[in-house]
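> Structure provided below as structure tokens; questions to follow.
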Amino acid sequence: MKNWLFIALLLSVITESFSQALMSPDEYLPHAVGDKFTPHHLVVDYFNYVAEHSSRVQVMEYGRTNEERPLTLAFVSTPENLARLEEIRENNLRRAGLVPGEPVQDGIAIVWLSFSVHGNEAAGSESSMPVLYALAHPGGNADEWLRHTVVILDPSINPDGYSRYTEWNRRSAANQMNTDIQSWEHREPWPGGRTNHYLFDLNRDWAWQTQVESQQRIKQYNRWLPQIHADFHEMGYTSPYYFAPAAQPYHNLITPFQRQFQDVIGRNHARHFAEHGWLFFTKEVFDLLYPSYGDTYPIFHGAIGMTYEEGGGGTGSRGVLLPTGDTLTLRDRVAHHTTTALSTVEISAQNADKLTQEFTSYFESRNQPPSRFKGYLIKGNQPDKVNRLTSLLDKNNIQYGWVEQTQKVRAFRFQDTSMVNISMDQGDLVISAYQPFTNFLSILFEPNPHLVDSVTYDITSWCIPYAYGVETYGLLERTPVTTNAGSPASGMSPLGDQLAYGYLLPWTSMTSAQGLAALQQHDVQARVATVDFRLEGKDYPAGTVMILRADNRRLGVHLLEYLKDAQDRTGIELIPVAGGYSDAGPDLGSGRMDLVNLAKVAVLGDEGTSSNSFGQVWYYFEQVLHYPMSVIRVDALARTDLSKYNTLILPEGFYDLKGKDQLKSWVRGGGRIIAVGSGIRALNGDSDLEINTKSKDDSGEQSDVAYGERFRDAISEDLPGAIFRVPLDKTHPLSFGLTNPYFSLKTGTTVYEPIKDGWNPGKLGDDLFYTGFVGHRLLPILKGSLVFGEKSMGRGKVVYLVDNPLFRGFWDQGNLLFANALYF
């Protein structure tokens, strides 16, 4: 072992001598950094080049994007530290209680720098190269810094979005820098480069991990758990640079040290910016509440998490004229980001011992959880929903187990926030708060986050039990559980080799919808029960899907093959039945067992539609349902042959529909419109299609607000994102499979009256139950308002989903609501 160590050190010395001639990015690339945007493959090439020529750098590919671009990490430290990198990593995890044993105080802090999570904020990825060079090149301040740090660089969190923006800019930009903000190189086309392939905002996806980039990155992040994480962004081009400390509200579980060290870092940045005379601001706009950001997710995992924002973004191009008369260039933006990146490493190295000590202290909460709840009980009466919840827990390394023996406890019931006596039964899921990520667990499950300031940047409630529709209780005392060995729920029943009379598919979660989608791709005809029934000694609720041999004679023996395929792919439960004579309720051949139409889906897209909302629909069909759809441009709808489709989805956005008469004829002939959120407004102007909004009564109100309070006064009518309890009409197909009450994540302030000539299965009551912030002037208008409903037109329907159920892809019950709108 000693001989191998000697050889490794000798090779590092030899390699170090080669690094004296290490090429800078300006020397390596065909252009100087900042002169034009660098294609993603050249950014990756430069990182690999440095790793090959410097003993201070190791590079790994940790995954691929949807468009097959590499996701890359660089590890930068001294050759001695890199030689024992795995030892350093495991020692760090001991501080968090994730690896057995006592940690050694090695004086090494882990610093993670993430660049350009928003692809059109491209100065981040551009600056990653000079940052890497400054750290890898010997002879500077980095020599000392790297003795006390391992620096992890992710040069492009979002390669697909970065490439969409930079490739467009390289094609569109003039030969000479054009600083005119009206020129087209400052106006990127729809959908822009901010988001990933599916047009998801990856900076809102850290906790939910719906996207492949997030899933692969968080696996690596949780293998390291850095003490410092900095997330490099851009914003409007007229804004000066922003760095920590952050704005209020801070989440109440952010520790005093995490708050204080943001100030330490900010002051170090300010010192460097003062040397150059650069403008900056702190403590404004960017708060630390929502747990799925690139600053808050690391904070709730023990780090000092920070957002850095440079003016520029997609409108900045290579240079843009500022209101002051000066020009902000891409070179300027790269210099600013490079400075804060190196300043972050510098201050982390100087405080490495303190950072690691406080990091260790942070995770001592696993022995004394700060939350009022010492665990969470999830009743096992809805195994499909519970299994989908445990998938999210697994992604976030949250431990859970199962009740082994029945016992009675006093607990907090999430559905109505009351204290009740509850039986913990064998097979119920229990999540103990006594675990390393107890703080993050309590944040995910908190029913109503504490807000010290209602002026916030994002949604203010996200409670996971409400999102997944699971019956949840907060436990007041520690409860022993088994390990994550697996759900005690029974597995899939084999279907055998002979076709039964029919097969029943319980409609209980998105897993059921995925199974139906898989069957429809084989043209399998299904029915849905519109009322409860009893068959062969078992009760089935309305919404139960049935696949009957009599409806699928054309498929012959292939029907069984398709059923088995759907079961294998999705994990659905299929219950064979020997006949169709019901013990109670309608028989399986009754007219109350409706045929489910084979979905032929078109979605409006392109200019005018919200790229986020369109992307959520696109992702839903391709990656959740695994079902085909066609995209129709908004401006092409009037000349589209709609007879090829039976469903048209209107995503959110600001657009007008041409040819509404043609559209109505299509609906009356059996078509279905699903209008989502602000997409409902596209139906305005036609009395048959539009629905009525509610507005507040301004009579008697006086505008007596001080000018300095105008922004704070405006939030009295705001709703950045809150959860509302929605009592359901469970007899309506839109409610099939949903937990009653349904909890809706409301993110908009447009309020609709119930539909007078239709059905309103989901509407708010007069006694509002909500969590999160809602402006006091908006609350009265929300009473009795529509959440989702439908109206019939001839043989077709228009479905109105006021609150976007696909918002960010993480609201699992919303996904099921959308499936109901699609199928039933």
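Going through the structure tokens in order, the chains are called A, B, and so on, while each chain numbers its residues from 1 and the ligands are numbered from 1 in the order shown.
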Just the strand (DSSP E or B) stuff from range 183-415 of chain A, please, per backbone DSSP, written as a PyMOL selection string.
chain A and resi 228-235+241-242+247-250+280-281+287-288+304-311+319-321+327-329+375-378+401-402+407-413
> Would you kindly return, as a VMD selection string, each protein, DNA or RNA residue with an atom no farther than 8 Å from any atom of His197 in chain A, considering only C-alpha atoms and excluding same-chain residues fewer than 2 positions away?
chain A and resid 66 to 67 160 to 161 195 199 to 200
> CA of Phe621 in chain A and CA of Ser643 in chain A are how many Å apart?
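Interatomic distance here is 20.5 Å.
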> Produce a table with one row for each residue of range 51-152 of chain A that has an atom at most 8 Å from any atom of range 301-323 of chain A, each row naming the nearest atom pair and its distance in Å at one decimal; use only C-alpha atoms; arrange rows by chain and rising residue number; format as CSV.

residue,atom,partner,partner_atom,distance
A:Asn120,CA,A:Gly314,CA,5.0
A:Glu121,CA,A:Gly313,CA,4.4
A:Ala122,CA,A:Gly313,CA,6.9
A:Ala123,CA,A:Gly313,CA,7.7
> Could you pull the residues within 9 Å of Tyr503 in chain A, counting only C-alpha atoms, minus those fewer than 6 positions along the same chain, as a PDB file with N, CA and C atoms, in the first residue's frame?

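Saved file around_17.pdb follows:
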ATOM      1  N   VAL A 545     -62.489   0.600 -13.392  1.00  0.00           N
ATOM      2  CA  VAL A 545     -62.363   0.350 -14.830  1.00  0.00           C
ATOM      3  C   VAL A 545     -62.462  -1.155 -15.070  1.00  0.00           C
ATOM      4  N   MET A 546     -63.119  -1.532 -16.141  1.00  0.00           N
ATOM      5  CA  MET A 546     -63.263  -2.958 -16.455  1.00  0.00           C
ATOM      6  C   MET A 546     -62.889  -3.209 -17.913  1.00  0.00           C
ATOM      7  N   ILE A 547     -62.198  -4.309 -18.103  1.00  0.00           N
ATOM      8  CA  ILE A 547     -61.836  -4.760 -19.443  1.00  0.00           C
ATOM      9  C   ILE A 547     -62.545  -6.095 -19.645  1.00  0.00           C
ATOM     10  N   LEU A 548     -63.510  -6.128 -20.518  1.00  0.00           N
ATOM     11  CA  LEU A 548     -64.364  -7.292 -20.703  1.00  0.00           C
ATOM     12  C   LEU A 548     -64.034  -7.996 -22.021  1.00  0.00           C
ATOM     13  N   ARG A 549     -64.043  -9.314 -21.937  1.00  0.00           N
ATOM     14  CA  ARG A 549     -63.721 -10.091 -23.134  1.00  0.00           C
ATOM     15  C   ARG A 549     -64.710  -9.803 -24.254  1.00  0.00           C
ATOM     16  N   LEU A 563     -52.943  -7.456 -21.473  1.00  0.00           N
ATOM     17  CA  LEU A 563     -53.198  -7.257 -20.048  1.00  0.00           C
ATOM     18  C   LEU A 563     -51.942  -7.541 -19.229  1.00  0.00           C
ATOM     19  N   LEU A 574     -54.984  -6.121 -11.501  1.00  0.00           N
ATOM     20  CA  LEU A 574     -56.078  -6.540 -12.373  1.00  0.00           C
ATOM     21  C   LEU A 574     -56.770  -7.723 -11.715  1.00  0.00           C
ATOM     22  N   ILE A 575     -58.073  -7.612 -11.492  1.00  0.00           N
ATOM     23  CA  ILE A 575     -58.821  -8.628 -10.763  1.00  0.00           C
ATOM     24  C   ILE A 575     -59.683  -9.402 -11.758  1.00  0.00           C
ATOM     25  N   PRO A 576     -59.363 -10.670 -12.017  1.00  0.00           N
ATOM     26  CA  PRO A 576     -60.199 -11.459 -12.930  1.00  0.00           C
ATOM     27  C   PRO A 576     -61.568 -11.727 -12.304  1.00  0.00           C
ATOM     28  N   VAL A 577     -62.596 -11.676 -13.126  1.00  0.00           N
ATOM     29  CA  VAL A 577     -63.945 -12.028 -12.671  1.00  0.00           C
ATOM     30  C   VAL A 577     -64.510 -13.081 -13.606  1.00  0.00           C
ATOM     31  N   ALA A 578     -65.318 -13.978 -13.023  1.00  0.00           N
ATOM     32  CA  ALA A 578     -65.828 -15.113 -13.795  1.00  0.00           C
ATOM     33  C   ALA A 578     -67.110 -14.788 -14.550  1.00  0.00           C
TER      34      ALA A 578
END
> Name the closest residue to Ala230 in chain A among the candidates A:Pro249, A:Pro256, A:Gly325, A:Gly124; distances are taken between atoms, counting only C-alpha atoms.
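Closest candidate: A:Gly124.
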> Find the residue from A:Phe363, A:Phe232, A:Tyr742, A:Tyr540 that sits nearest to Leu93 in chain A; use only C-alpha atoms when measuring.
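Nearest to Leu93 in chain A: A:Phe363.
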> Can you pull out every residue within 7 Å of range 747-764 of chain A, counting only C-alpha atoms, but drop anything in the same chain fewer than 3 positions away, and send it as a list in words?
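Counting only the stated atoms, we get Ile691, Asn692, Thr693, Lys694, Asp718, Leu719, Pro720, Gly721, Ala722, Val726, Pro727, Leu728, Asp729, His732, Ser735, Leu768, Leu782, Lys783, Gly784, Ser785, Leu786, Val787, Phe788, Gly789, Glu790, Lys791, Ser792 and Asp803 of chain A.
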> What lies within 12 Å of Arg569 in chain A using only C-alpha atoms, ignoring chain neighbours under 2 positions off, as an MDAnalysis selection string?
chainID A and resid 492 511:512 514:519 562:567 571:573 625:626
